[in-house]
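Worksheet for the structure shown next.
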Protein chains: 2
Amino acid sequence: MKIAVDAMGGDKAPDVVIEGTAEAVELYPFMDIVLVGHLQKITPLLKQHGLLNHPRVRLVHAEQAVGMEEPSISSIRGKKHSSITVCAELVANKEADAVISAGHTGAAVAATTFRMKLLPGVERPGIATVMPSTKGHFVFLDAGANVDCKPLHLAQYAIMGEIFSKTMGVSKPKIGLLSIGEEDVKGNDLTKEAFKIISKMPINFIGNIEAKLLYERVADVVVCDGFVGNIVLKSSESLAKAISVWLKHAFTKNTLRQAGAILAQNAFKELKAIADYEEYGGAPLLGVNGICIIGHGSSSPKAIKNAIRVAGEMVESKVTDHIAARLVECGVAVNK
Amino acid sequence: MKIAVDAMGGDKAPDVVIEGTAEAVELYPFMDIVLVGHLQKITPLLKQHGLLNHPRVRLVHAEQAVGMEEPSISSIRGKKHSSITVCAELVANKEADAVISAGHTGAAVAATTFRMKLLPGVERPGIATVMPSTKGHFVFLDAGANVDCKPLHLAQYAIMGEIFSKTMGVSKPKIGLLSIGEEDVKGNDLTKEAFKIISKMPINFIGNIEAKLLYERVADVVVCDGFVGNIVLKSSESLAKAISVWLKHAFTKNTLRQAGAILAQNAFKELKAIADYEEYGGAPLLGVNGICIIGHGSSSPKAIKNAIRVAGEMVESKVTDHIAARLVECGVAVNK
């Protein structure tokens, strides 16, 4: 199994990416890595982490890299030799089984969609994130690949989410549609139409999920359009950050409270770990013809290592084949 | 000044509503209250709180009430004598200057829109909520009145938000559009079109606001469509609840941490107060021809009392007149 790693993707690339890759190379002997980046720039790091002339590490040069702030489509069109495009080409040419990148999300979506193409029957890819809740993790998609969704896209996301949830060990995933009310008729025009399609599919659809229950995990998979998904994800990050600011402020106000905070310091550490995206490593882009894992821009070496592991697991469980087959089974595959 | 209060609206109505109204009657001698509800049912409570035969309290009978779980439009069409409809009629007939209800949100939107009608130039009403952030409060709308928005609606919300923010003491409110990226071209079809309209208006528009900065108050007013707004609001409530569950769990794990929690107990109380909607009391429904304050379903007496105060302030500052005039000034008033 060969995993292509975008060495230039992420806020702290290439350092963090190469450190995480080195950990993965050591831990997962059944995987070969194809490191893609500007060889001149990464050679010192490769030496430092023992990846130069490593029998399981192939190096592929990419002259360019997409910056985190560049516009997605134009960056991919203008930079035909960027590390993410080269990674996607490796998968398209069967020289790699999967790609992982902690770089520009839009660029990763565009590069993989253009080079690897979509799976048969899929109309738009979707980013699936693994979210914490008070009762364990759940799958949430689309997190921002497709911000102008049609009802059919949501129906296809329901299936992608189902298959992904199964790879995480849920045998008959409960699928919900994010909406503004629990009743079947609640929602906007998009979700109401999607509801009609999804409720006819042979999946374990439990109906609309109200946002007020989102973090209580009433469903294993929650489906929404990419605009809403991205905003839910980012506003949740923003709120968690604000709460930690408020907590810090409240706990440092006087010496009594400071003493309390010291006694309970491990509680704070535990709390931080709950929201820790590092464990999962990244969010799969589902619907493209191949495995693509998109890491958080601020990925740590641990997150990169775990993203590589997840990519391997997804290759092994043949997620893409299952999605394509299930779309046909459920009657929502699109003939192009 | 006369404020119509829906005695039957809310999870704990009529008890909590009448208790909060009694507090308001005592505190605000310049206000008259019109209490609307099923007189037989509320008479014992009125007696208990000294509101029976009170010189500043008028009682109006309403045979029906809308339950919290009923569908909005049909409940209003089917229940022509519900307390919220009677409240809206009182405002329409100039027998009251404002209405407050902690009942069914959709029913309040429908009843006020049908009975009081919209302000001249307005196409859809919007619910404005006051949200906490690490740098003070900001105005967020639409929180769920209009789940299938057109670009013009968002432009009108920008103006409603501006006027409301001014009544809260901000002299030149910074207006932002909630989107998935900061750059002008980022967004979905709806926000990209709205951006073009809003950026031409003579308001202090600061562009797109990314959700990841929402709780840092980069703008005084954040505008979005009602589907997104409702989901941001409710998912935030859900996350805050989840974090409090995780906190409780982490702080009760062993005696050391429990001791820490006891020392710092006031810190937790402070934290809870930040997210406390009670202070503000309710969310104004803007764009209707009159003042309407929608309270949280689980409103406490304090929240009801504050909602009555806010309603009075909004009547006094002539919010509706200002909105209608400003729509014309900004070239986005609609001729019907």
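Chain labels follow the order of the structure tokens: the first chain is A, the next B, and so on; residue numbering restarts at 1 in every chain, and ligands are counted from 1 in their shown order.
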So that each row is one residue of range 107-166 of chain B with an atom at most 12 Å from range 174-182 of chain A, can you give its shortest atom pair and the distance in Å to one decimal, using only C-alpha atoms, rows by chain and rising number, as JSON lines?
{"residue": "B:Ala143", "atom": "CA", "partner": "A:Ile180", "partner_atom": "CA", "distance": 10.5}
{"residue": "B:Gly144", "atom": "CA", "partner": "A:Ile180", "partner_atom": "CA", "distance": 8.1}
{"residue": "B:Ala145", "atom": "CA", "partner": "A:Ile180", "partner_atom": "CA", "distance": 10.8}
{"residue": "B:Asn146", "atom": "CA", "partner": "A:Ile180", "partner_atom": "CA", "distance": 11.2}
{"residue": "B:Val147", "atom": "CA", "partner": "A:Ile180", "partner_atom": "CA", "distance": 8.8}
{"residue": "B:Asp148", "atom": "CA", "partner": "A:Ile180", "partner_atom": "CA", "distance": 12.0}
Exercise for the section: Extract the full set of helix (DSSP H, G or I) residues from range 243-293 of chain B according to DSSP on the backbone, and format it as a list in words. Expected result: Ile243, Ser244, Val245, Trp246, Leu247, Lys248, His249, Ala250, Phe251, Thr255, Leu256, Arg257, Gln258, Ala259, Gly260, Ala261, Ile262, Leu263, Gln265, Asn266, Ala267, Phe268, Lys269, Glu270, Leu271, Lys272, Ala273 and Ile274 of chain B
Practice task
Could you list, as a VMD selection string, the residues of chain A having an atom within 7 Å of chain B when counting only C-alpha atoms?
Solution key: chain A and resid 133 to 134 147 to 148 180 188 to 189 211 to 215 227 to 228 230 to 232 234 to 239 242 246 to 247 250 to 251 256 to 257 259 to 261 263 to 264 267 270 to 271
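With only C-alpha atoms as the atoms that count, the minimum distance from Ser75 in chain B to the choices B:Thr105, B:Thr167, B:Ser299, B:Gln156 is reached by B:Thr105.
The space between CA of Ala4 in chain B and CA of Val91 in chain B spans 7.8 Å.
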